[in-house]
$ cat entry_24.pdb   # PDB, C-alpha atoms
MODEL        1
ATOM      1  CA  MET A   1      87.748  78.918 113.365
ATOM      2  CA  GLU A   2      89.420  75.706 114.496
ATOM      3  CA  SER A   3      92.300  76.166 112.090
ATOM      4  CA  ALA A   4      92.702  79.763 113.294
ATOM      5  CA  LEU A   5      92.981  78.483 116.866
ATOM      6  CA  ASP A   6      95.443  75.835 115.766
ATOM      7  CA  SER A   7      97.606  78.367 113.971
ATOM      8  CA  LYS A   8      97.523  80.664 117.000
ATOM      9  CA  GLN A   9      98.552  77.787 119.251
ATOM     10  CA  MET A  10     101.290  76.812 116.827
ATOM     11  CA  LEU A  11     102.513  80.377 116.743
ATOM     12  CA  ASN A  12     102.436  80.588 120.545
ATOM     13  CA  ARG A  13     104.427  77.371 120.806
ATOM     14  CA  PHE A  14     106.989  78.564 118.291
ATOM     15  CA  LEU A  15     107.460  81.909 120.031
ATOM     16  CA  ALA A  16     107.765  80.170 123.395
ATOM     17  CA  GLU A  17     110.513  77.996 121.916
ATOM     18  CA  VAL A  18     112.567  80.870 120.535
ATOM     19  CA  GLU A  19     111.887  83.634 123.060
ATOM     20  CA  ARG A  20     114.656  82.758 125.529
ATOM     21  CA  ARG A  21     117.367  82.552 122.908
ATOM     22  CA  ALA A  22     116.035  85.638 121.192
ATOM     23  CA  PHE A  23     116.123  87.495 124.498
ATOM     24  CA  GLN A  24     119.671  86.368 125.199
ATOM     25  CA  MET A  25     120.809  87.408 121.720
ATOM     26  CA  ALA A  26     119.134  90.790 122.105
ATOM     27  CA  LYS A  27     120.695  91.169 125.540
ATOM     28  CA  PHE A  28     124.171  90.358 124.262
ATOM     29  CA  ALA A  29     123.703  93.101 121.708
ATOM     30  CA  THR A  30     121.989  95.743 123.846
ATOM     31  CA  ARG A  31     123.585  94.818 127.196
ATOM     32  CA  ASN A  32     120.364  95.819 128.861
ATOM     33  CA  ARG A  33     117.465  93.647 129.987
ATOM     34  CA  ASP A  34     114.643  96.087 129.249
ATOM     35  CA  GLU A  35     116.034  97.089 125.879
ATOM     36  CA  ALA A  36     116.387  93.404 125.040
ATOM     37  CA  LEU A  37     112.768  92.787 126.021
ATOM     38  CA  ASP A  38     111.686  95.691 123.801
ATOM     39  CA  VAL A  39     113.646  94.274 120.888
ATOM     40  CA  VAL A  40     112.066  90.845 121.401
ATOM     41  CA  GLN A  41     108.621  92.425 121.628
ATOM     42  CA  GLU A  42     109.090  94.350 118.376
ATOM     43  CA  THR A  43     110.402  91.210 116.712
ATOM     44  CA  MET A  44     107.463  89.108 117.851
ATOM     45  CA  LEU A  45     104.906  91.726 116.818
ATOM     46  CA  ARG A  46     106.438  92.109 113.401
ATOM     47  CA  PHE A  47     106.754  88.387 112.941
ATOM     48  CA  VAL A  48     103.153  87.664 113.941
ATOM     49  CA  ARG A  49     101.756  90.484 111.800
ATOM     50  CA  HIS A  50     103.698  89.930 108.639
ATOM     51  CA  TYR A  51     105.304  86.516 108.526
ATOM     52  CA  SER A  52     103.140  84.100 110.502
ATOM     53  CA  VAL A  53     101.280  83.213 107.300
ATOM     54  CA  ARG A  54     104.486  81.819 105.817
ATOM     55  CA  PRO A  55     105.164  78.051 105.959
ATOM     56  CA  ARG A  56     106.163  76.753 109.396
ATOM     57  CA  GLN A  57     109.610  75.582 108.224
ATOM     58  CA  GLU A  58     110.502  79.173 107.313
ATOM     59  CA  TRP A  59     109.539  80.647 110.683
ATOM     60  CA  ASN A  60     112.840  80.130 112.463
ATOM     61  CA  VAL A  61     115.051  81.837 109.932
ATOM     62  CA  LEU A  62     112.474  84.594 109.345
ATOM     63  CA  PHE A  63     112.173  85.248 113.067
ATOM     64  CA  TYR A  64     115.936  85.611 113.475
ATOM     65  CA  ARG A  65     116.147  87.793 110.392
ATOM     66  CA  ILE A  66     113.627  90.162 111.990
ATOM     67  CA  LEU A  67     115.455  89.982 115.311
ATOM     68  CA  ARG A  68     118.743  90.900 113.626
ATOM     69  CA  SER A  69     117.016  93.759 111.841
ATOM     70  CA  ARG A  70     115.486  95.051 115.108
ATOM     71  CA  ILE A  71     118.863  94.843 116.846
ATOM     72  CA  THR A  72     120.461  96.829 114.025
ATOM     73  CA  ASP A  73     117.692  99.425 114.321
ATOM     74  CA  TRP A  74     118.287  99.589 118.049
ATOM     75  CA  TYR A  75     121.990 100.183 117.384
ATOM     76  CA  ARG A  76     121.221 103.043 115.021
ATOM     77  CA  ARG A  77     118.746 104.634 117.429
ATOM     78  CA  THR A  78     121.163 104.313 120.339
ATOM     79  CA  PHE A  79     123.984 105.765 118.264
ATOM     80  CA  VAL A  80     121.902 108.844 117.373
ATOM     81  CA  ARG A  81     120.639 109.211 120.947
ATOM     82  CA  ARG A  82     124.157 109.073 122.330
ATOM     83  CA  LYS A  83     125.360 111.585 119.786
ATOM     84  CA  VAL A  84     122.545 113.964 120.709
ATOM     85  CA  LEU A  85     123.155 113.494 124.438
ATOM     86  CA  ALA A  86     126.869 114.099 123.931
ATOM     87  CA  TRP A  87     126.082 117.237 121.922
ATOM     88  CA  LEU A  88     123.759 118.462 124.680
ATOM     89  CA  GLY A  89     126.517 117.828 127.182
ATOM     90  CA  ARG A  90     124.592 115.253 129.187
ATOM     91  CA  PRO A  91     126.311 112.103 130.421
ATOM     92  CA  GLU A  92     125.633 108.950 128.440
ATOM     93  CA  GLU A  93     123.233 106.486 129.939
ATOM     94  CA  GLU A  94     124.936 103.705 131.777
ATOM     95  CA  ASP A  95     124.405 100.183 130.542
ATOM     96  CA  SER A  96     122.833  98.435 133.425
ATOM     97  CA  GLU A  97     123.592  94.806 134.001
ATOM     98  CA  ASP A  98     120.733  92.514 134.767
ATOM     99  CA  PRO A  99     120.762  91.979 138.552
ATOM    100  CA  LEU A 100     119.200  88.581 138.033
ATOM    101  CA  GLN A 101     122.363  87.557 136.249
ATOM    102  CA  SER A 102     124.177  87.452 139.556
ATOM    103  CA  LEU A 103     121.628  85.152 141.197
ATOM    104  CA  PRO A 104     122.835  81.576 141.708
ATOM    105  CA  ASP A 105     121.467  78.715 139.648
ATOM    106  CA  THR A 106     119.217  76.890 142.121
ATOM    107  CA  ALA A 107     118.768  73.934 139.794
ATOM    108  CA  ASN A 108     122.286  72.756 140.552
ATOM    109  CA  PRO A 109     122.777  71.329 144.077
ATOM    110  CA  ASN A 110     126.596  71.360 143.990
ATOM    111  CA  PRO A 111     127.750  74.850 145.080
ATOM    112  CA  SER A 112     131.335  74.647 143.823
ATOM    113  CA  ASP A 113     130.283  73.273 140.455
ATOM    114  CA  GLN A 114     127.580  75.907 140.386
ATOM    115  CA  VAL A 115     130.050  78.722 140.984
ATOM    116  CA  LEU A 116     132.422  77.333 138.377
ATOM    117  CA  ARG A 117     129.714  77.073 135.766
ATOM    118  CA  HIS A 118     128.379  80.445 136.694
ATOM    119  CA  GLU A 119     131.833  81.930 136.269
ATOM    120  CA  GLU A 120     132.301  80.155 132.969
ATOM    121  CA  ARG A 121     128.972  81.326 131.738
ATOM    122  CA  GLY A 122     129.660  84.861 132.889
ATOM    123  CA  ALA A 123     133.020  84.841 131.108
ATOM    124  CA  LEU A 124     131.471  83.458 127.933
ATOM    125  CA  GLU A 125     128.672  86.001 127.931
ATOM    126  CA  LYS A 126     131.133  88.807 128.557
ATOM    127  CA  ALA A 127     133.292  87.554 125.683
ATOM    128  CA  ILE A 128     130.283  87.347 123.350
ATOM    129  CA  ARG A 129     129.210  90.869 124.308
ATOM    130  CA  ALA A 130     132.720  92.080 123.494
ATOM    131  CA  LEU A 131     132.470  90.777 119.917
ATOM    132  CA  PRO A 132     131.578  93.158 117.090
ATOM    133  CA  LEU A 133     127.864  92.920 116.293
ATOM    134  CA  ARG A 134     128.194  91.058 112.978
ATOM    135  CA  GLN A 135     130.573  88.503 114.489
ATOM    136  CA  GLN A 136     128.281  88.129 117.490
ATOM    137  CA  GLN A 137     125.260  87.461 115.264
ATOM    138  CA  ALA A 138     127.098  85.079 112.956
ATOM    139  CA  PHE A 139     128.433  83.132 115.909
ATOM    140  CA  LEU A 140     125.131  82.891 117.787
ATOM    141  CA  LEU A 141     123.123  81.928 114.729
ATOM    142  CA  ARG A 142     125.626  79.310 113.583
ATOM    143  CA  ALA A 143     126.929  77.886 116.850
ATOM    144  CA  TRP A 144     123.888  78.271 119.082
ATOM    145  CA  GLU A 145     120.883  78.327 116.819
ATOM    146  CA  GLY A 146     122.436  75.689 114.558
ATOM    147  CA  MET A 147     121.705  77.484 111.299
ATOM    148  CA  ASP A 148     123.660  76.527 108.206
ATOM    149  CA  LEU A 149     125.600  79.017 106.109
ATOM    150  CA  LYS A 150     122.727  79.761 103.760
ATOM    151  CA  GLN A 151     120.201  80.338 106.557
ATOM    152  CA  THR A 152     122.638  82.511 108.490
ATOM    153  CA  ALA A 153     123.375  84.575 105.379
ATOM    154  CA  PHE A 154     119.622  85.057 104.843
ATOM    155  CA  ALA A 155     119.060  86.033 108.488
ATOM    156  CA  MET A 156     121.986  88.450 108.415
ATOM    157  CA  LYS A 157     121.195  89.808 104.953
ATOM    158  CA  CYS A 158     124.745  89.218 103.756
ATOM    159  CA  SER A 159     126.712  86.768 101.620
ATOM    160  CA  GLU A 160     127.717  83.291 102.749
ATOM    161  CA  GLY A 161     131.362  84.308 102.407
ATOM    162  CA  SER A 162     130.751  87.173 104.783
ATOM    163  CA  VAL A 163     129.138  84.817 107.296
ATOM    164  CA  LYS A 164     132.146  82.502 107.083
ATOM    165  CA  THR A 165     134.510  85.389 107.777
ATOM    166  CA  HIS A 166     132.491  86.761 110.710
ATOM    167  CA  TYR A 167     132.003  83.320 112.192
ATOM    168  CA  SER A 168     135.630  82.219 112.017
ATOM    169  CA  ARG A 169     136.788  85.525 113.492
ATOM    170  CA  ALA A 170     134.243  85.171 116.287
ATOM    171  CA  VAL A 171     135.332  81.619 117.116
ATOM    172  CA  HIS A 172     138.967  82.685 117.093
ATOM    173  CA  SER A 173     138.299  85.664 119.386
ATOM    174  CA  LEU A 174     136.166  83.641 121.789
ATOM    175  CA  ARG A 175     138.663  80.831 122.070
ATOM    176  CA  ARG A 176     141.386  83.327 122.809
ATOM    177  CA  LEU A 177     139.253  85.225 125.346
ATOM    178  CA  LEU A 178     138.083  82.052 127.079
ATOM    179  CA  GLU A 179     141.444  80.335 127.136
ATOM    180  CA  GLY A 180     141.605  80.410 130.911
ATOM    181  CA  HIS A 181     138.156  78.895 131.346
ATOM    182  CA  ARG A 182     138.552  75.987 128.982
ATOM    183  CA  SER A 183     138.634  72.581 130.626
TER     184      SER A 183
ATOM    185  CA  MET B   1     137.704  56.142 118.970
ATOM    186  CA  ASN B   2     139.150  59.337 117.579
ATOM    187  CA  ALA B   3     139.580  62.329 119.838
ATOM    188  CA  LYS B   4     137.074  65.030 119.142
ATOM    189  CA  ASP B   5     138.084  68.133 117.285
ATOM    190  CA  PRO B   6     139.028  70.802 119.891
ATOM    191  CA  GLU B   7     136.943  73.385 118.082
ATOM    192  CA  LYS B   8     133.960  71.061 118.120
ATOM    193  CA  LEU B   9     134.453  70.453 121.851
ATOM    194  CA  PHE B  10     134.732  74.164 122.430
ATOM    195  CA  LEU B  11     131.540  74.830 120.481
ATOM    196  CA  GLU B  12     129.649  72.111 122.331
ATOM    197  CA  LYS B  13     130.692  73.653 125.623
ATOM    198  CA  VAL B  14     129.680  77.110 124.434
ATOM    199  CA  GLN B  15     126.316  75.782 123.331
ATOM    200  CA  ARG B  16     125.793  74.084 126.695
ATOM    201  CA  LEU B  17     126.675  77.232 128.632
ATOM    202  CA  LEU B  18     124.465  79.394 126.461
ATOM    203  CA  ASP B  19     121.574  76.960 126.904
ATOM    204  CA  GLN B  20     122.071  77.078 130.661
ATOM    205  CA  GLY B  21     122.021  80.851 130.526
ATOM    206  CA  ALA B  22     118.798  80.829 128.532
ATOM    207  CA  GLN B  23     117.212  78.431 131.012
ATOM    208  CA  ASN B  24     118.128  80.629 133.966
ATOM    209  CA  LEU B  25     116.756  84.004 132.997
ATOM    210  CA  GLY B  26     115.019  84.499 136.315
ATOM    211  CA  SER B  27     111.315  84.414 137.035
ATOM    212  CA  GLN B  28     110.836  88.132 136.425
ATOM    213  CA  THR B  29     112.345  88.040 132.953
ATOM    214  CA  GLU B  30     110.523  84.819 132.104
ATOM    215  CA  GLN B  31     107.244  86.388 133.167
ATOM    216  CA  ARG B  32     107.949  89.497 131.085
ATOM    217  CA  LEU B  33     108.800  87.336 128.099
ATOM    218  CA  GLU B  34     105.517  85.505 128.436
ATOM    219  CA  GLU B  35     103.654  88.825 128.615
ATOM    220  CA  VAL B  36     105.518  90.044 125.555
ATOM    221  CA  ARG B  37     104.649  86.865 123.653
ATOM    222  CA  LEU B  38     100.968  86.894 124.583
ATOM    223  CA  GLY B  39     100.814  90.630 123.907
ATOM    224  CA  ALA B  40     102.315  90.122 120.463
ATOM    225  CA  LEU B  41      99.833  87.375 119.674
ATOM    226  CA  SER B  42      96.765  89.308 120.828
ATOM    227  CA  GLY B  43      98.130  92.688 119.692
ATOM    228  CA  ALA B  44      98.624  91.395 116.206
ATOM    229  CA  HIS B  45      95.031  90.212 116.046
ATOM    230  CA  GLU B  46      93.769  93.490 117.482
ATOM    231  CA  LYS B  47      95.902  95.335 115.008
ATOM    232  CA  ARG B  48      94.522  93.233 112.214
ATOM    233  CA  SER B  49      90.920  93.915 113.238
ATOM    234  CA  ARG B  50      91.739  97.599 113.719
ATOM    235  CA  PHE B  51      93.408  97.517 110.361
ATOM    236  CA  PHE B  52      90.231  96.397 108.685
ATOM    237  CA  LEU B  53      87.979  98.761 110.618
ATOM    238  CA  PRO B  54      89.246 102.021 109.061
ATOM    239  CA  ARG B  55      89.161 100.428 105.637
ATOM    240  CA  ARG B  56      85.484  99.697 106.126
ATOM    241  CA  TRP B  57      84.895 103.267 107.222
ATOM    242  CA  VAL B  58      86.890 104.597 104.309
ATOM    243  CA  LEU B  59      84.840 102.474 101.932
ATOM    244  CA  ALA B  60      81.538 103.595 103.455
ATOM    245  CA  GLY B  61      82.716 107.224 103.572
ATOM    246  CA  SER B  62      83.825 107.096  99.954
ATOM    247  CA  PHE B  63      80.495 105.677  98.909
ATOM    248  CA  ALA B  64      78.616 108.368 100.847
ATOM    249  CA  MET B  65      80.839 111.076  99.378
ATOM    250  CA  ALA B  66      80.332 109.755  95.846
ATOM    251  CA  THR B  67      76.568 109.716  96.390
ATOM    252  CA  LEU B  68      76.669 113.271  97.728
ATOM    253  CA  VAL B  69      78.749 114.504  94.793
ATOM    254  CA  ALA B  70      76.409 112.760  92.352
ATOM    255  CA  ALA B  71      73.390 114.341  94.068
ATOM    256  CA  VAL B  72      74.977 117.818  93.999
ATOM    257  CA  LEU B  73      75.943 117.457  90.350
ATOM    258  CA  PHE B  74      72.477 116.231  89.485
ATOM    259  CA  PHE B  75      70.860 119.100  91.368
ATOM    260  CA  PHE B  76      72.999 121.895  89.924
ATOM    261  CA  LEU B  77      73.629 120.605  86.454
ATOM    262  CA  SER B  78      70.251 119.108  85.606
ATOM    263  CA  PRO B  79      68.045 121.418  83.447
ATOM    264  CA  SER B  80      65.405 123.485  85.168
ATOM    265  CA  PRO B  81      61.812 122.892  83.897
ATOM    266  CA  ASP B  82      61.463 126.682  83.385
ATOM    267  CA  THR B  83      64.274 126.951  80.919
ATOM    268  CA  LEU B  84      64.539 125.349  77.519
ATOM    269  CA  PRO B  85      67.655 123.823  76.161
ATOM    270  CA  THR B  86      69.382 125.521  73.248
ATOM    271  CA  GLY B  87      68.434 122.726  70.848
ATOM    272  CA  ASP B  88      64.742 123.225  71.565
ATOM    273  CA  LEU B  89      65.074 126.990  70.931
ATOM    274  CA  ASP B  90      66.561 126.277  67.512
ATOM    275  CA  GLU B  91      63.748 123.903  66.804
ATOM    276  CA  LEU B  92      61.259 126.562  67.894
ATOM    277  CA  GLU B  93      62.794 129.051  65.487
ATOM    278  CA  ILE B  94      62.557 126.516  62.702
ATOM    279  CA  ILE B  95      58.938 125.827  63.535
ATOM    280  CA  THR B  96      58.142 129.550  63.607
ATOM    281  CA  SER B  97      59.966 130.230  60.364
ATOM    282  CA  ARG B  98      58.104 127.310  58.705
ATOM    283  CA  GLU B  99      54.811 128.884  59.642
ATOM    284  CA  ARG B 100      55.896 132.156  58.069
ATOM    285  CA  LEU B 101      57.106 130.233  55.042
ATOM    286  CA  ASP B 102      53.693 128.578  54.758
ATOM    287  CA  ILE B 103      52.090 131.981  54.696
ATOM    288  CA  TYR B 104      54.386 133.158  51.897
ATOM    289  CA  GLN B 105      53.933 129.868  49.986
ATOM    290  CA  ASN B 106      50.105 130.132  50.214
ATOM    291  CA  LEU B 107      50.035 133.853  49.540
ATOM    292  CA  ASP B 108      48.295 133.359  46.198
ATOM    293  CA  PHE B 109      45.666 131.204  47.861
ATOM    294  CA  TYR B 110      44.952 133.862  50.491
ATOM    295  CA  ARG B 111      44.750 136.573  47.783
ATOM    296  CA  TRP B 112      42.277 134.465  45.804
ATOM    297  CA  LEU B 113      40.281 133.765  48.965
ATOM    298  CA  GLY B 114      40.185 137.472  49.828
ATOM    299  CA  SER B 115      39.061 138.531  46.336
ATOM    300  CA  LYS B 116      36.370 135.851  46.397
ATOM    301  CA  GLU B 117      35.066 137.055  49.743
ATOM    302  CA  ASN B 118      35.028 140.667  48.452
ATOM    303  CA  ARG B 119      33.049 139.576  45.439
ATOM    304  CA  MET B 120      30.501 137.725  47.605
ATOM    305  CA  ARG B 121      30.008 140.791  49.884
ATOM    306  CA  PRO B 122      28.866 143.841  47.948
ATOM    307  CA  ASN B 123      29.436 146.128  50.941
ATOM    308  CA  GLY B 124      33.100 145.024  50.958
ATOM    309  CA  LYS B 125      32.956 143.654  54.460
ATOM    310  CA  GLY B 126      34.146 140.197  55.329
ATOM    311  CA  LEU B 127      32.341 137.242  56.827
TER     312      LEU B 127
ENDMDL
END
$ encode --input "entry_24.pdb" --output "structure tokens"
Amino acid sequence: MESALDSKQMLNRFLAEVERRAFQMAKFATRNRDEALDVVQETMLRFVRHYSVRPRQEWNVLFYRILRSRITDWYRRTFVRRKVLAWLGRPEEEDSEDPLQSLPDTANPNPSDQVLRHEERGALEKAIRALPLRQQQAFLLRAWEGMDLKQTAFAMKCSEGSVKTHYSRAVHSLRRLLEGHRS
Amino acid sequence: MNAKDPEKLFLEKVQRLLDQGAQNLGSQTEQRLEEVRLGALSGAHEKRSRFFLPRRWVLAGSFAMATLVAAVLFFFLSPSPDTLPTGDLDELEIITSRERLDIYQNLDFYRWLGSKENRMRPNGKGL
């Protein structure tokens, strides 16, 4: 009973640690807050049901593997939905930006610095969203999540060589896109 | 001290900006994420208990069905006390034929017995 509580607490702590990044990754891919929340929810449910019994050191890479898989599923579903809507002659649904994104960061007391950082962040996020999905995932897992080549390849279900290619292309594209914001 | 690799600097900056973005999701999104997390934790346990519940019912149902089938088979296929199995009928025939055989085998004895009785009774009537 005690160990069950401990494992639940451990699981809760782990999910709390990864949920923000997972949400951001899902939002970069879906470009929609609610869709991103759905993707995170599906990922968490699947992870807790099927993979929480695995050793703790495997959780991170397993979680992101599920997240990547859910995002890919979302892409497929959205593709079919858009095709059907286009066939029916209805307008495609607009990707709504998160209104909270435009709110200022109240943690920073310096308004000019705040605006600058906000602009930088906005430009970076826009550039990441513009990347092809595989490049986006490779970049976020390697550069943000700090995964090594092997872990990233496992999470993305592809070869290490493929990760290298996607990652280097992503870095190149981002540097080019963010040239004006670099300090 | 060597100057840092520009790519490394760029990546550090990207990481910092992304971290800031993740820390400023807004209270509404943060609250939703917490709900999602807690829902996943409790939902998974509910799912697990629900997962076992039908299995228990299936097991109990299967057992009941097997008992019912066994009872039906026993009722319809078990021999009725009014009817005899084929093997017993054969045996009966054998028994009957043996009796007849005994009569034929002891025919001489019965003839002798009859002639003796006739001799003992002058009027020709039996005992």
$ resolve_selection --input "entry_24.pdb" --expression "the ChimeraX specification (/B :<10) & /A" --output "NGL selection string"
:A and (8-9 or 11-13 or 15-16 or 19-25 or 33-34 or 37-38 or 40-50 or 98-101 or 103-107 or 117-118 or 120-122 or 124-125 or 139-140 or 143-146 or 171-172 or 174-175 or 178 or 182-183)
$ atom_distance --input "entry_24.pdb" --atom1 "CA of Leu177 (chain A)" --atom2 "CA of Lys4 (chain B)"
21.2 Å
$ atom_distance --input "entry_24.pdb" --atom1 "CA of Ala86 (chain A)" --atom2 "CA of Thr72 (chain A)"
20.9 Å
$ residues_near_point --input "entry_24.pdb" --point "(136.6, 89.3, 110.9)" --cutoff "12 Å" --atoms "all atoms listed in the file" --output "list in words"
Leu131, Pro132, Leu133, Arg134, Gln135, Gln136, Ala138, Phe139, Gly161, Ser162, Val163, Lys164, Thr165, His166, Tyr167, Ser168, Arg169, Ala170, Val171, His172 and Ser173 of chain A
$ write_last_selection --input "entry_24.pdb" --atoms "C-alpha atoms" --output "PDB file, in the frame of the given file"
ATOM      1  CA  LEU A 131     132.470  90.777 119.917  1.00  0.00           C
ATOM      2  CA  PRO A 132     131.578  93.158 117.090  1.00  0.00           C
ATOM      3  CA  LEU A 133     127.864  92.920 116.293  1.00  0.00           C
ATOM      4  CA  ARG A 134     128.194  91.058 112.978  1.00  0.00           C
ATOM      5  CA  GLN A 135     130.573  88.503 114.489  1.00  0.00           C
ATOM      6  CA  GLN A 136     128.281  88.129 117.490  1.00  0.00           C
ATOM      7  CA  ALA A 138     127.098  85.079 112.956  1.00  0.00           C
ATOM      8  CA  PHE A 139     128.433  83.132 115.909  1.00  0.00           C
ATOM      9  CA  GLY A 161     131.362  84.308 102.407  1.00  0.00           C
ATOM     10  CA  SER A 162     130.751  87.173 104.783  1.00  0.00           C
ATOM     11  CA  VAL A 163     129.138  84.817 107.296  1.00  0.00           C
ATOM     12  CA  LYS A 164     132.146  82.502 107.083  1.00  0.00           C
ATOM     13  CA  THR A 165     134.510  85.389 107.777  1.00  0.00           C
ATOM     14  CA  HIS A 166     132.491  86.761 110.710  1.00  0.00           C
ATOM     15  CA  TYR A 167     132.003  83.320 112.192  1.00  0.00           C
ATOM     16  CA  SER A 168     135.630  82.219 112.017  1.00  0.00           C
ATOM     17  CA  ARG A 169     136.788  85.525 113.492  1.00  0.00           C
ATOM     18  CA  ALA A 170     134.243  85.171 116.287  1.00  0.00           C
ATOM     19  CA  VAL A 171     135.332  81.619 117.116  1.00  0.00           C
ATOM     20  CA  HIS A 172     138.967  82.685 117.093  1.00  0.00           C
ATOM     21  CA  SER A 173     138.299  85.664 119.386  1.00  0.00           C
TER      22      SER A 173
END
$ atom_distance --input "entry_24.pdb" --atom1 "CA of Arg76 (chain A)" --atom2 "CA of Tyr51 (chain A)"
23.8 Å
$ closest_residue --input "entry_24.pdb" --among "A:Ile71, A:Met10, A:Ala127, A:Cys158" --to "Trp59 (chain A)" --atoms "all atoms listed in the file"
A:Met10
